[in-house]
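Visitor: What follows is protein_1.cif, made up of mmCIF, C-alpha atoms:
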data_structure
loop_
_atom_site.label_atom_id
_atom_site.label_comp_id
_atom_site.auth_asym_id
_atom_site.auth_seq_id
_atom_site.Cartn_x
_atom_site.Cartn_y
_atom_site.Cartn_z
CA MET A 1 -49.00 5.88 41.94
CA THR A 2 -47.93 8.67 44.26
CA ALA A 3 -49.63 12.05 44.16
CA LEU A 4 -46.35 13.84 44.81
CA ARG A 5 -44.69 15.66 41.93
CA GLU A 6 -41.14 14.79 41.00
CA PRO A 7 -38.79 17.52 42.28
CA LEU A 8 -36.74 19.47 39.76
CA GLY A 9 -33.49 18.23 41.30
CA LEU A 10 -34.41 14.61 40.58
CA LYS A 11 -35.40 15.48 37.02
CA ILE A 12 -32.02 17.13 36.51
CA TYR A 13 -30.22 14.10 38.00
CA ARG A 14 -32.08 11.71 35.74
CA ALA A 15 -31.40 13.81 32.64
CA ALA A 16 -27.72 14.14 33.56
CA SER A 17 -27.39 10.41 34.23
CA ARG A 18 -28.78 9.67 30.77
CA ALA A 19 -26.13 11.90 29.19
CA ALA A 20 -23.43 10.27 31.31
CA GLU A 21 -23.43 6.86 29.61
CA PRO A 22 -19.79 7.23 28.44
CA VAL A 23 -18.79 7.99 32.03
CA ALA A 24 -20.74 4.96 33.31
CA THR A 25 -19.11 2.73 30.70
CA MET A 26 -15.64 4.02 31.62
CA ALA A 27 -16.37 3.45 35.31
CA LEU A 28 -17.35 -0.15 34.57
CA LYS A 29 -14.09 -0.70 32.68
CA GLN A 30 -12.09 0.73 35.58
CA ARG A 31 -13.92 -1.49 38.06
CA LEU A 32 -13.29 -4.49 35.81
CA ARG A 33 -9.56 -3.74 35.73
CA ALA A 34 -9.60 -3.41 39.52
CA GLY A 35 -11.22 -6.83 39.89
CA LYS A 36 -14.49 -5.37 41.19
CA GLU A 37 -16.61 -6.69 38.31
CA SER A 38 -17.06 -10.07 36.66
CA ALA A 39 -15.75 -10.08 33.09
CA GLU A 40 -18.18 -12.83 32.06
CA ARG A 41 -21.17 -10.96 33.47
CA ILE A 42 -20.28 -7.32 32.92
CA GLY A 43 -23.28 -6.94 30.62
CA GLU A 44 -25.62 -7.44 33.56
CA ARG A 45 -24.41 -4.11 34.94
CA ARG A 46 -25.75 -2.57 31.73
CA GLY A 47 -29.08 -4.34 32.17
CA VAL A 48 -28.32 -7.14 29.70
CA ALA A 49 -29.57 -10.36 31.26
CA THR A 50 -27.59 -13.59 31.01
CA VAL A 51 -30.55 -15.80 31.97
CA GLU A 52 -33.98 -16.16 30.37
CA ARG A 53 -36.97 -14.96 32.36
CA PRO A 54 -39.03 -17.93 33.55
CA ARG A 55 -42.75 -17.91 32.93
CA GLY A 56 -45.14 -16.91 35.69
CA LYS A 57 -44.82 -14.66 38.70
CA LEU A 58 -41.36 -13.26 39.44
CA ILE A 59 -40.37 -11.67 42.75
CA TRP A 60 -37.25 -9.50 42.63
CA ILE A 61 -35.26 -8.95 45.84
CA HIS A 62 -32.29 -6.55 45.82
CA GLY A 63 -29.49 -6.23 48.36
CA ALA A 64 -26.36 -4.25 47.62
CA SER A 65 -23.58 -6.40 49.05
CA VAL A 66 -22.71 -9.32 51.33
CA GLY A 67 -24.56 -8.21 54.45
CA GLU A 68 -27.79 -7.53 52.59
CA SER A 69 -27.48 -10.67 50.50
CA LEU A 70 -27.28 -12.76 53.67
CA SER A 71 -30.60 -11.19 54.68
CA ILE A 72 -32.09 -12.21 51.32
CA LEU A 73 -31.50 -15.92 51.88
CA PRO A 74 -33.97 -16.60 54.71
CA LEU A 75 -36.49 -14.23 53.15
CA VAL A 76 -36.47 -16.14 49.86
CA GLU A 77 -37.06 -19.40 51.74
CA SER A 78 -39.86 -17.88 53.82
CA LEU A 79 -41.67 -16.26 50.88
CA LYS A 80 -41.19 -19.36 48.75
CA ALA A 81 -43.12 -21.38 51.33
CA HIS A 82 -46.11 -19.07 50.78
CA MET A 83 -45.59 -18.57 47.02
CA PRO A 84 -44.39 -21.96 45.73
CA ASP A 85 -45.14 -21.15 42.09
CA ALA A 86 -43.16 -17.89 42.02
CA THR A 87 -39.60 -17.51 40.76
CA PHE A 88 -37.23 -15.43 42.89
CA LEU A 89 -34.63 -13.13 41.34
CA ALA A 90 -31.91 -11.84 43.69
CA THR A 91 -29.69 -8.95 42.61
CA THR A 92 -26.53 -7.66 44.26
CA GLY A 93 -23.77 -5.26 43.26
CA THR A 94 -20.50 -6.93 44.28
CA THR A 95 -18.56 -9.95 43.09
CA THR A 96 -18.26 -11.20 46.67
CA SER A 97 -22.02 -11.23 47.16
CA ALA A 98 -22.47 -12.87 43.75
CA ALA A 99 -20.21 -15.74 44.81
CA LEU A 100 -22.17 -16.11 48.05
CA MET A 101 -25.49 -16.13 46.18
CA ALA A 102 -24.20 -18.79 43.77
CA GLU A 103 -23.39 -21.05 46.73
CA ARG A 104 -26.38 -20.43 48.95
CA LEU A 105 -29.48 -19.40 46.98
CA PRO A 106 -32.10 -22.13 46.49
CA GLY A 107 -31.54 -24.01 43.25
CA ASP A 108 -34.57 -22.56 41.49
CA ALA A 109 -33.72 -18.94 42.36
CA ILE A 110 -31.76 -16.69 39.99
CA HIS A 111 -28.93 -14.24 40.70
CA GLN A 112 -28.03 -11.25 38.53
CA PHE A 113 -25.91 -8.17 39.07
CA VAL A 114 -28.01 -5.05 39.54
CA PRO A 115 -27.71 -2.55 36.68
CA LEU A 116 -25.92 0.75 37.20
CA ASP A 117 -28.24 3.70 37.83
CA HIS A 118 -28.46 4.74 34.17
CA PRO A 119 -32.01 4.97 32.77
CA ASP A 120 -31.27 2.86 29.68
CA PHE A 121 -29.55 0.16 31.74
CA VAL A 122 -32.41 0.05 34.24
CA ARG A 123 -35.06 -0.07 31.48
CA SER A 124 -33.25 -2.93 29.78
CA PHE A 125 -33.22 -4.83 33.07
CA LEU A 126 -36.91 -4.16 33.75
CA ASP A 127 -38.01 -4.92 30.16
CA HIS A 128 -36.41 -8.34 30.41
CA TRP A 129 -37.41 -9.38 33.93
CA ARG A 130 -40.84 -7.67 34.27
CA PRO A 131 -41.00 -8.26 38.05
CA ASP A 132 -44.38 -8.62 39.72
CA ALA A 133 -42.91 -7.32 42.96
CA ALA A 134 -39.65 -5.57 43.90
CA ILE A 135 -38.27 -5.80 47.44
CA PHE A 136 -35.28 -3.60 48.31
CA VAL A 137 -33.22 -4.56 51.36
CA GLU A 138 -31.59 -1.87 53.55
CA SER A 139 -30.35 1.32 51.89
CA GLU A 140 -30.07 1.43 48.10
CA PHE A 141 -31.76 4.69 47.04
CA TRP A 142 -30.70 5.00 43.39
CA PRO A 143 -33.29 7.33 41.78
CA ASN A 144 -33.47 5.78 38.29
CA LEU A 145 -33.62 2.25 39.67
CA ILE A 146 -36.42 3.03 42.11
CA LEU A 147 -38.51 5.46 40.05
CA LEU A 148 -38.43 3.42 36.85
CA THR A 149 -39.24 0.26 38.79
CA ARG A 150 -42.25 2.04 40.29
CA LYS A 151 -43.59 2.81 36.80
CA THR A 152 -43.66 -0.83 35.74
CA THR A 153 -43.94 -2.91 38.92
CA PRO A 154 -47.24 -3.50 40.79
CA PHE A 155 -45.67 -3.73 44.25
CA MET A 156 -42.53 -2.29 45.87
CA ALA A 157 -41.23 -2.60 49.41
CA LEU A 158 -38.21 -1.38 51.37
CA ILE A 159 -37.46 -3.80 54.21
CA ASN A 160 -34.78 -3.83 56.89
CA GLY A 161 -34.39 -0.19 55.93
CA ARG A 162 -31.23 1.49 57.13
CA MET A 163 -30.23 5.16 57.05
CA SER A 164 -26.84 6.03 58.53
CA PRO A 165 -26.55 9.32 60.46
CA LYS A 166 -24.44 10.76 57.64
CA SER A 167 -26.91 9.72 54.93
CA PHE A 168 -29.77 11.04 57.06
CA GLY A 169 -28.04 14.41 57.32
CA ASP A 170 -27.32 14.46 53.57
CA TRP A 171 -30.91 13.60 52.63
CA LYS A 172 -32.32 16.18 55.04
CA SER A 173 -30.79 18.81 52.78
CA GLN A 174 -32.84 17.33 49.88
CA PRO A 175 -36.17 16.65 51.62
CA ASN A 176 -38.37 16.76 48.52
CA ALA A 177 -36.15 14.37 46.60
CA ILE A 178 -35.97 11.68 49.28
CA ARG A 179 -39.67 11.98 50.09
CA PHE A 180 -40.50 11.45 46.43
CA ILE A 181 -38.15 8.46 46.19
CA LEU A 182 -39.55 6.85 49.34
CA SER A 183 -43.11 7.44 48.14
CA SER A 184 -42.43 4.78 45.50
CA PHE A 185 -42.63 2.05 48.12
CA ASP A 186 -45.92 0.47 49.14
CA LEU A 187 -44.29 -0.73 52.38
CA LEU A 188 -41.48 0.74 54.49
CA LEU A 189 -39.92 -1.30 57.30
CA GLY A 190 -36.90 -0.18 59.35
CA GLN A 191 -34.35 -2.61 60.75
CA ASP A 192 -34.48 -1.00 64.19
CA GLN A 193 -36.23 1.86 65.95
CA GLN A 194 -33.61 4.50 65.14
CA ASN A 195 -33.64 3.70 61.44
CA ALA A 196 -37.44 3.53 61.40
CA GLU A 197 -37.59 7.01 62.93
CA ARG A 198 -35.13 8.40 60.36
CA LEU A 199 -37.13 6.89 57.49
CA LYS A 200 -40.37 8.19 59.00
CA SER A 201 -38.90 11.68 59.24
CA LEU A 202 -37.74 11.64 55.62
CA SER A 203 -40.82 9.96 54.13
CA GLY A 204 -43.55 11.63 56.18
CA ARG A 205 -45.15 8.19 56.56
CA ASP A 206 -45.52 5.50 59.17
CA VAL A 207 -42.61 3.07 59.08
CA GLY A 208 -42.94 -0.38 60.61
CA MET A 209 -40.25 -2.17 62.61
CA PHE A 210 -40.21 -5.89 63.43
CA GLY A 211 -36.52 -6.36 64.16
CA ASN A 212 -33.39 -6.79 62.10
CA LEU A 213 -33.78 -9.35 59.30
CA LYS A 214 -30.11 -10.20 59.75
CA ASN A 215 -31.19 -11.95 62.95
CA ALA A 216 -32.71 -14.61 60.70
CA ALA A 217 -29.68 -15.11 58.44
CA PRO A 218 -28.23 -18.64 58.63
CA PRO A 219 -24.83 -19.04 60.31
CA LEU A 220 -21.86 -18.32 58.09
CA PRO A 221 -20.57 -21.53 56.50
CA ALA A 222 -17.15 -23.11 56.93
CA ASP A 223 -15.32 -26.11 55.53
CA SER A 224 -14.89 -28.80 58.18
CA ASP A 225 -11.49 -29.87 56.81
CA ASP A 226 -10.23 -26.28 57.05
CA ILE A 227 -11.47 -26.05 60.65
CA GLU A 228 -9.68 -29.27 61.60
CA GLN A 229 -6.46 -28.26 59.86
CA LEU A 230 -6.30 -24.84 61.50
CA GLN A 231 -7.23 -26.21 64.93
CA ARG A 232 -4.34 -28.63 64.61
CA ARG A 233 -1.96 -25.79 63.66
CA ILE A 234 -3.12 -23.58 66.54
CA GLY A 235 -3.12 -26.38 69.09
CA ALA A 236 -3.39 -25.22 72.70
CA ARG A 237 -2.16 -21.68 72.01
CA ALA A 238 -4.14 -18.74 73.37
CA HIS A 239 -5.78 -17.07 70.37
CA TRP A 240 -8.40 -14.49 69.50
CA LEU A 241 -9.89 -12.91 66.38
CA ALA A 242 -10.29 -9.36 65.11
CA ALA A 243 -12.79 -9.50 62.23
CA SER A 244 -13.90 -7.11 59.49
CA THR A 245 -11.23 -4.59 60.45
CA HIS A 246 -10.54 -1.26 58.75
CA PRO A 247 -7.47 0.97 58.42
CA GLY A 248 -6.63 2.48 61.80
CA GLU A 249 -7.95 -0.52 63.70
CA GLU A 250 -5.18 -2.98 62.90
CA ASP A 251 -2.60 -0.72 64.62
CA ILE A 252 -4.74 -0.87 67.77
CA ILE A 253 -5.17 -4.66 67.50
CA ILE A 254 -1.45 -5.25 67.02
CA ALA A 255 -0.70 -2.95 69.96
CA ALA A 256 -3.17 -4.95 72.09
CA HIS A 257 -1.34 -8.12 71.01
CA GLN A 258 1.95 -6.62 72.19
CA HIS A 259 0.40 -5.70 75.56
CA LEU A 260 -0.73 -9.32 75.99
CA VAL A 261 2.25 -11.27 74.74
CA GLY A 262 4.24 -10.86 77.95
CA GLU A 263 1.55 -12.73 79.88
CA PHE A 264 0.68 -15.10 77.01
CA PRO A 265 3.99 -15.71 75.20
CA ASP A 266 2.46 -18.15 72.68
CA LEU A 267 -0.40 -15.76 71.81
CA LEU A 268 -1.81 -15.92 68.29
CA THR A 269 -3.85 -12.96 67.05
CA ILE A 270 -5.92 -13.54 63.92
CA ILE A 271 -6.88 -10.50 61.84
CA ALA A 272 -9.52 -10.83 59.11
CA PRO A 273 -9.65 -7.46 57.32
CA ARG A 274 -12.91 -6.25 55.81
CA HIS A 275 -11.07 -5.85 52.50
CA PRO A 276 -8.77 -8.84 51.94
CA LYS A 277 -6.53 -6.97 49.50
CA ARG A 278 -5.10 -5.12 52.49
CA GLY A 279 -3.29 -8.25 53.72
CA GLU A 280 0.22 -7.14 52.76
CA GLU A 281 -0.39 -3.71 54.29
CA ILE A 282 -1.37 -5.31 57.61
CA ALA A 283 1.61 -7.66 57.47
CA ALA A 284 3.86 -4.61 57.17
CA LEU A 285 2.22 -3.08 60.26
CA ALA A 286 2.87 -6.30 62.21
CA GLU A 287 6.51 -6.43 61.15
CA LYS A 288 6.99 -2.77 62.08
CA ALA A 289 5.69 -3.60 65.58
CA GLY A 290 8.13 -6.51 65.87
CA ALA A 291 5.54 -9.26 65.35
CA THR A 292 5.88 -12.07 62.81
CA PRO A 293 2.93 -12.25 60.38
CA ALA A 294 1.62 -15.02 58.12
CA LEU A 295 -0.82 -14.45 55.27
CA ARG A 296 -3.50 -16.98 54.41
CA SER A 297 -3.70 -15.64 50.83
CA ARG A 298 -0.08 -16.74 50.28
CA GLY A 299 -0.69 -20.17 51.73
CA ASP A 300 1.49 -19.38 54.77
CA ILE A 301 0.99 -21.90 57.55
CA ILE A 302 0.77 -21.12 61.24
CA THR A 303 4.00 -22.06 62.97
CA ASP A 304 5.22 -21.61 66.53
CA ASP A 305 6.87 -18.38 65.35
CA THR A 306 3.68 -16.89 63.90
CA HIS A 307 2.33 -14.03 66.02
CA ILE A 308 -0.24 -12.44 63.67
CA TYR A 309 -2.19 -14.63 61.24
CA ILE A 310 -3.84 -12.50 58.55
CA ALA A 311 -6.98 -14.09 57.11
CA ASP A 312 -6.92 -12.07 53.90
CA THR A 313 -9.31 -14.27 51.92
CA LEU A 314 -12.94 -13.97 50.88
CA GLY A 315 -15.86 -15.86 52.36
CA GLU A 316 -14.06 -17.47 55.30
CA LEU A 317 -15.33 -15.49 58.28
CA GLY A 318 -17.47 -18.46 59.29
CA LEU A 319 -14.28 -20.49 59.58
CA PHE A 320 -12.49 -18.01 61.83
CA TYR A 321 -15.51 -17.27 64.01
CA ARG A 322 -15.74 -21.02 64.68
CA LEU A 323 -12.06 -21.16 65.63
CA SER A 324 -12.16 -18.23 68.05
CA ASP A 325 -14.37 -17.86 71.09
CA ILE A 326 -13.23 -14.24 71.52
CA ALA A 327 -13.99 -11.94 68.59
CA PHE A 328 -13.53 -8.20 68.17
CA VAL A 329 -15.93 -6.97 65.45
CA GLY A 330 -14.36 -4.18 63.40
CA GLY A 331 -15.58 -1.01 61.79
CA SER A 332 -16.47 0.02 65.31
CA ILE A 333 -13.40 1.96 66.46
CA THR A 334 -13.04 3.81 63.19
CA PRO A 335 -16.35 5.55 62.31
CA LYS A 336 -17.76 2.92 59.94
CA GLY A 337 -20.78 2.13 62.11
CA GLY A 338 -19.74 -1.38 63.10
CA HIS A 339 -20.25 -4.70 61.34
CA ASN A 340 -22.74 -7.43 62.11
CA PRO A 341 -22.28 -8.88 65.65
CA LEU A 342 -24.92 -11.53 64.98
CA GLU A 343 -22.51 -13.53 62.82
CA PRO A 344 -20.00 -14.30 65.60
CA ALA A 345 -22.79 -14.54 68.17
CA ARG A 346 -24.46 -17.37 66.25
CA LEU A 347 -21.16 -19.25 66.18
CA GLY A 348 -20.39 -19.13 69.89
CA ALA A 349 -18.06 -16.15 70.29
CA SER A 350 -17.92 -13.64 73.12
CA ILE A 351 -17.90 -10.24 71.44
CA LEU A 352 -15.83 -7.08 71.78
CA HIS A 353 -16.59 -3.91 69.85
CA GLY A 354 -15.72 -0.22 69.68
CA PRO A 355 -18.01 2.77 70.28
CA GLU A 356 -18.93 3.41 66.61
CA THR A 357 -21.87 1.02 66.16
CA PHE A 358 -24.60 3.11 64.53
CA ASN A 359 -25.28 0.43 61.89
CA PHE A 360 -26.37 -2.00 64.64
CA VAL A 361 -26.86 0.25 67.65
CA GLU A 362 -29.88 -1.55 69.10
CA THR A 363 -28.38 -4.99 68.48
CA TYR A 364 -25.12 -4.08 70.21
CA THR A 365 -26.96 -2.41 73.08
CA GLU A 366 -29.23 -5.40 73.63
CA MET A 367 -26.30 -7.81 73.41
CA ARG A 368 -24.21 -5.74 75.82
CA ASN A 369 -27.10 -5.41 78.28
CA ALA A 370 -27.51 -9.20 78.22
CA GLY A 371 -23.81 -9.63 79.01
CA GLY A 372 -22.84 -10.95 75.58
CA ALA A 373 -20.60 -8.10 74.43
CA ALA A 374 -18.12 -5.60 75.86
CA LEU A 375 -17.13 -2.13 74.69
CA VAL A 376 -13.43 -1.32 74.12
CA ARG A 377 -12.15 2.06 72.96
CA ASN A 378 -8.40 1.60 72.50
CA ASP A 379 -5.55 -0.90 72.59
CA ARG A 380 -5.26 -0.98 76.39
CA GLU A 381 -8.99 -1.57 76.91
CA MET A 382 -8.90 -4.22 74.19
CA ALA A 383 -5.95 -5.99 75.79
CA SER A 384 -7.60 -5.81 79.22
CA ALA A 385 -10.85 -7.34 77.90
CA VAL A 386 -9.05 -10.15 76.06
CA ARG A 387 -6.88 -10.84 79.13
CA ARG A 388 -9.95 -11.15 81.37
CA LEU A 389 -11.63 -13.56 78.95
CA PHE A 390 -8.48 -15.68 78.58
CA ASN A 391 -8.19 -15.96 82.35
CA ASP A 392 -11.87 -16.60 83.12
CA ALA A 393 -13.37 -19.44 81.07
CA LYS A 394 -16.65 -19.22 82.97
CA THR A 395 -17.16 -15.56 82.05
CA ARG A 396 -16.06 -16.24 78.48
CA ARG A 397 -18.65 -19.02 78.13
CA ALA A 398 -21.37 -16.95 79.78
CA MET A 399 -20.70 -14.06 77.39
CA ALA A 400 -20.82 -16.35 74.36
CA ASP A 401 -24.08 -17.94 75.55
CA ALA A 402 -25.68 -14.54 76.16
CA ALA A 403 -24.60 -13.30 72.72
CA GLN A 404 -25.97 -16.41 71.03
CA GLU A 405 -29.29 -16.17 72.88
CA THR A 406 -29.64 -12.51 71.92
CA ALA A 407 -28.96 -13.35 68.28
CA GLU A 408 -31.44 -16.18 68.11
CA LYS A 409 -34.34 -15.29 70.38
CA ASN A 410 -36.06 -12.93 67.94
CA ALA A 411 -34.95 -14.53 64.66
CA GLU A 412 -38.06 -16.60 64.02
CA ARG A 413 -40.43 -13.82 65.06
CA THR A 414 -38.65 -11.22 62.91
CA LEU A 415 -38.72 -13.36 59.78
CA HIS A 416 -42.35 -14.33 60.37
CA GLU A 417 -43.52 -10.73 60.89
CA ILE A 418 -41.63 -9.31 57.90
CA THR A 419 -42.94 -12.10 55.66
CA ARG A 420 -46.49 -11.51 56.89
CA GLN A 421 -46.25 -7.76 56.28
CA LEU A 422 -44.93 -8.31 52.76
CA LEU A 423 -47.63 -10.81 51.85
CA ASP A 424 -50.45 -8.73 53.35
CA THR A 425 -49.33 -5.49 51.68
CA MET A 426 -48.71 -7.29 48.38
CA THR A 427 -52.28 -8.65 48.51
CA ASP A 428 -53.70 -5.20 49.30
CA ALA A 429 -51.76 -3.65 46.40
CA ALA A 430 -53.08 -6.33 44.00
CA GLU A 431 -56.66 -5.76 45.13
CA GLN A 432 -56.35 -2.00 44.70
CA GLY A 433 -54.52 -2.28 41.38
#
Translate the structure described by the file into structure tokens.

Guide:
Amino acid sequence: MTALREPLGLKIYRAASRAAEPVATMALKQRLRAGKESAERIGERRGVATVERPRGKLIWIHGASVGESLSILPLVESLKAHMPDATFLATTGTTTSAALMAERLPGDAIHQFVPLDHPDFVRSFLDHWRPDAAIFVESEFWPNLILLTRKTTPFMALINGRMSPKSFGDWKSQPNAIRFILSSFDLLLGQDQQNAERLKSLSGRDVGMFGNLKNAAPPLPADSDDIEQLQRRIGARAHWLAASTHPGEEDIIIAAHQHLVGEFPDLLTIIAPRHPKRGEEIAALAEKAGATPALRSRGDIITDDTHIYIADTLGELGLFYRLSDIAFVGGSITPKGGHNPLEPARLGASILHGPETFNFVETYTEMRNAGGAALVRNDREMASAVRRLFNDAKTRRAMADAAQETAEKNAERTLHEITRQLLDTMTDAAEQG
């Protein structure tokens, strides 16, 4: 147990959160109506399990959403090889990540939704599952969840830790609170040097760094029949992909398309928005610009008249990365911090990105230095980069190869080192406990 005393601000938060159960319940109902919760499993968000706890040792790994849950998959496999008798419980907080876990977790692992950060919900969850170890992935710092887990769980770790510049600035104004929260963890590992330094500054402790666990995530899946069907529809047309885009980026992408279409009259631009529900909104932007859109969610097919194909469906990025050997990765022109460039790199794409990449700054820098990625800041730079890659197959292939090599060269080492650190620290905690 930590020798630090819980700050008054955290005590007030925890007392207030207990009194806020009606608000939490109302929020769950609103999320359910919005399609952000599973009706059949809504009780899990209140800590009510829908699966019995197996006997024996149970290792709980938590990742908030899709990106973190992809990191969980190789870690479960790696730890399972060293702990064959343990059961692994994976928790996430989104319906999208739950669907991914259902498809891709090992058959003997369990998925549950993480409870909301209400003390009664968290206690219900912990009373049922009684984890022997809790491993948090990336950046979920809910006080009740972490502090109550610390009281009942022999070992806790934060791995692939991430702290955005904004969150770092916010937590710096509450230094005692974040130091107390981070003191709950027996092991702190950052996903890159910048994040390790931020966590070290906030925790006052050494923070390890063995690389980004997302390097070790398996390639995104895709249905072979879907690949064949779309390849047949696209044919020999020049095409490129803009993936995980956010509001403000699609205007730039459509403008880049319009810059290019004079030179490539059969050009097809594929846009896969980060939030698929925005498909109709993006279609309206295309029509306003004079381009003809088609929406995958409506079952629209790609015809010779289709200019912008909007991939507004869930779980199909692996499909579109396989179809496109030029991929702009979104969230990087608008200040979202950029999305994971390792996903397209593993699937053979040359990568374009904007300047806002603080979520993966070292990964993007390494990939760019190796020649696997190029920075674009606006529609004209984007069009220029796409034009160059269309016209120079040798450069396009060299970029894709460099990106793929960057993504894969440290994957095995990263997974091995993180697994070793977890096992060693877990053993030390057991011996001291």

Visitor: Please evaluate the PyMOL selection byres ((chain A and resi 409-423) around 9) against the displayed coordinates and give the resulting residues as a ChimeraX atom specification.

Guide: /A:74-75,78-79,82,135,157,159-160,187,189,209-217,404-408,424-428

Visitor: Which value, in Å to one decimal, gives the distance between CA of Gln231 (chain A) and CA of Pro276 (chain A)?

Guide: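 So the answer is 21.7 Å.
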
Visitor: In Å to one decimal, how far is CA of Glu280 (chain A) from CA of Thr303 (chain A)?

Guide: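 Between CA of Thr303 (chain A) and CA of Glu280 (chain A) the gap is 18.5 Å.
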
Visitor: Would you list the residues near (-31.5, -11.1, 50.7) (no more than 10 Å away, in the coordinates of the file, using all atoms listed in the file) as a PyMOL selection string?

Guide: chain A and resi 61-76+90-92+101+105+135-138+213-214+217

Visitor: Where does the PyMOL selection byres ((chain A and resi 374) around 7) land in this file, that is, which residues does it pick, as an NGL selection string?

Guide: :A and (351-353 or 368 or 373 or 375-376)

Visitor: Would you work out the distance separating CA of Lys36 (chain A) from CA of Arg274 (chain A), expressed in Å to one decimal?

Guide: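 Calculated distance between CA of Lys36 (chain A) and CA of Arg274 (chain A) is 14.7 Å.
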
Visitor: Excluding region 3-17 of chain A and residues on its chain fewer than 4 positions from it, collect all residues at most 7 Å away from it, counting all atoms listed in the file, and give them as a list in words.

Guide: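 Neighbouring residues, sequence-local ones excluded: His118, Asn144, Asn176, Ala177 and Phe180 of chain A.
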
Visitor: For Gln432 (chain A), which residue out of A:Arg298, A:His259, A:Asp186, A:Met163 is the nearest one, using all atoms listed in the file?

Guide: A:Asp186

Visitor: Nearest to Gln193 (chain A): which of A:Leu116, A:Ala283, A:Ala102, A:Val361 is it, counting only C-alpha atoms?

Guide: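 Checking each of A:Leu116, A:Ala283, A:Ala102, A:Val361 against Gln193 (chain A), counting only C-alpha atoms, the winner is A:Val361.
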
Visitor: Report as an mmCIF file with C-alpha atoms, in the frame of the given file all protein, DNA and RNA residues lying within 12 Å of Val114 (chain A), evaluated on only C-alpha atoms, omitting residues in the same chain fewer than 5 positions from it.

Guide:
data_model
loop_
_atom_site.group_PDB
_atom_site.id
_atom_site.type_symbol
_atom_site.label_atom_id
_atom_site.label_comp_id
_atom_site.auth_asym_id
_atom_site.auth_seq_id
_atom_site.Cartn_x
_atom_site.Cartn_y
_atom_site.Cartn_z
ATOM 1 C CA GLU A 37 -16.610 -6.690 38.310
ATOM 2 C CA ARG A 41 -21.170 -10.960 33.470
ATOM 3 C CA ILE A 42 -20.280 -7.320 32.920
ATOM 4 C CA GLY A 43 -23.280 -6.940 30.620
ATOM 5 C CA GLU A 44 -25.620 -7.440 33.560
ATOM 6 C CA ARG A 45 -24.410 -4.110 34.940
ATOM 7 C CA ARG A 46 -25.750 -2.570 31.730
ATOM 8 C CA GLY A 47 -29.080 -4.340 32.170
ATOM 9 C CA VAL A 48 -28.320 -7.140 29.700
ATOM 10 C CA ALA A 49 -29.570 -10.360 31.260
ATOM 11 C CA TRP A 60 -37.250 -9.500 42.630
ATOM 12 C CA ILE A 61 -35.260 -8.950 45.840
ATOM 13 C CA HIS A 62 -32.290 -6.550 45.820
ATOM 14 C CA GLY A 63 -29.490 -6.230 48.360
ATOM 15 C CA ALA A 64 -26.360 -4.250 47.620
ATOM 16 C CA SER A 65 -23.580 -6.400 49.050
ATOM 17 C CA LEU A 89 -34.630 -13.130 41.340
ATOM 18 C CA ALA A 90 -31.910 -11.840 43.690
ATOM 19 C CA THR A 91 -29.690 -8.950 42.610
ATOM 20 C CA THR A 92 -26.530 -7.660 44.260
ATOM 21 C CA GLY A 93 -23.770 -5.260 43.260
ATOM 22 C CA THR A 94 -20.500 -6.930 44.280
ATOM 23 C CA THR A 95 -18.560 -9.950 43.090
ATOM 24 C CA SER A 97 -22.020 -11.230 47.160
ATOM 25 C CA ALA A 98 -22.470 -12.870 43.750
ATOM 26 C CA PHE A 121 -29.550 0.160 31.740
ATOM 27 C CA VAL A 122 -32.410 0.050 34.240
ATOM 28 C CA ARG A 123 -35.060 -0.070 31.480
ATOM 29 C CA SER A 124 -33.250 -2.930 29.780
ATOM 30 C CA PHE A 125 -33.220 -4.830 33.070
ATOM 31 C CA LEU A 126 -36.910 -4.160 33.750
ATOM 32 C CA TRP A 129 -37.410 -9.380 33.930
ATOM 33 C CA PHE A 136 -35.280 -3.600 48.310
ATOM 34 C CA GLU A 140 -30.070 1.430 48.100
ATOM 35 C CA TRP A 142 -30.700 5.000 43.390
ATOM 36 C CA LEU A 145 -33.620 2.250 39.670
ATOM 37 C CA ILE A 146 -36.420 3.030 42.110
#

Visitor: Convert the output of the PyMOL selection byres ((chain A and resi 54) around 12) on the shown file into explicit residues, formatted as a ChimeraX atom specification.

Guide: /A:51-53,55-59,85-89,108-110,128-131

Visitor: Which residue gives the smallest distance to Gly348 (chain A) among A:Asp325, A:Asp225, A:Asp132, A:Glu287, with all atoms listed in the file counted?

Guide: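 Closest residue, counting all atoms listed in the file: A:Asp325.
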
Visitor: Determine the nearest neighbour of Asn378 (chain A) from the options A:Pro218, A:Gly190, A:Gly290, A:Gly248, counting all atoms listed in the file.

Guide: A:Gly248

Visitor: Quick one: residues within 9 Å of Arg237 (chain A), all atoms listed in the file counted, chain neighbours fewer than 5 positions away excluded, as a ChimeraX atom specification?

Guide: /A:264,266-268

Visitor: Between A:Leu182, A:Leu202, A:Ala272, A:Ala196, which is the closest to Gly318 (chain A) once you count all atoms listed in the file?

Guide: A:Ala272

Visitor: Give the centre and edge lengths of an axis-aligned box, in Å to one decimal, that holds all listed atoms of region 324-343 of chain A with 3 Å on each side, as lines of an AutoDock Vina configuration file.

Guide:
center_x = -18.5
center_y = -6.3
center_z = 65.7
size_x = 18.8
size_y = 29.8
size_z = 17.6

Visitor: Could you list as a VMD selection string every residue that has an atom within 8 Å of (-1.9, -9.1, 80.3), using the file's coordinates and counting all atoms listed in the file?

Guide: chain A and resid 259 to 264 383 to 384 387

Visitor: Compare A:Ile270, A:Ala345, A:Ala238, A:Leu28 by their minimum atom-to-atom distance to Leu389 (chain A), counting only C-alpha atoms, and give me the closest one.

Guide: A:Ala238
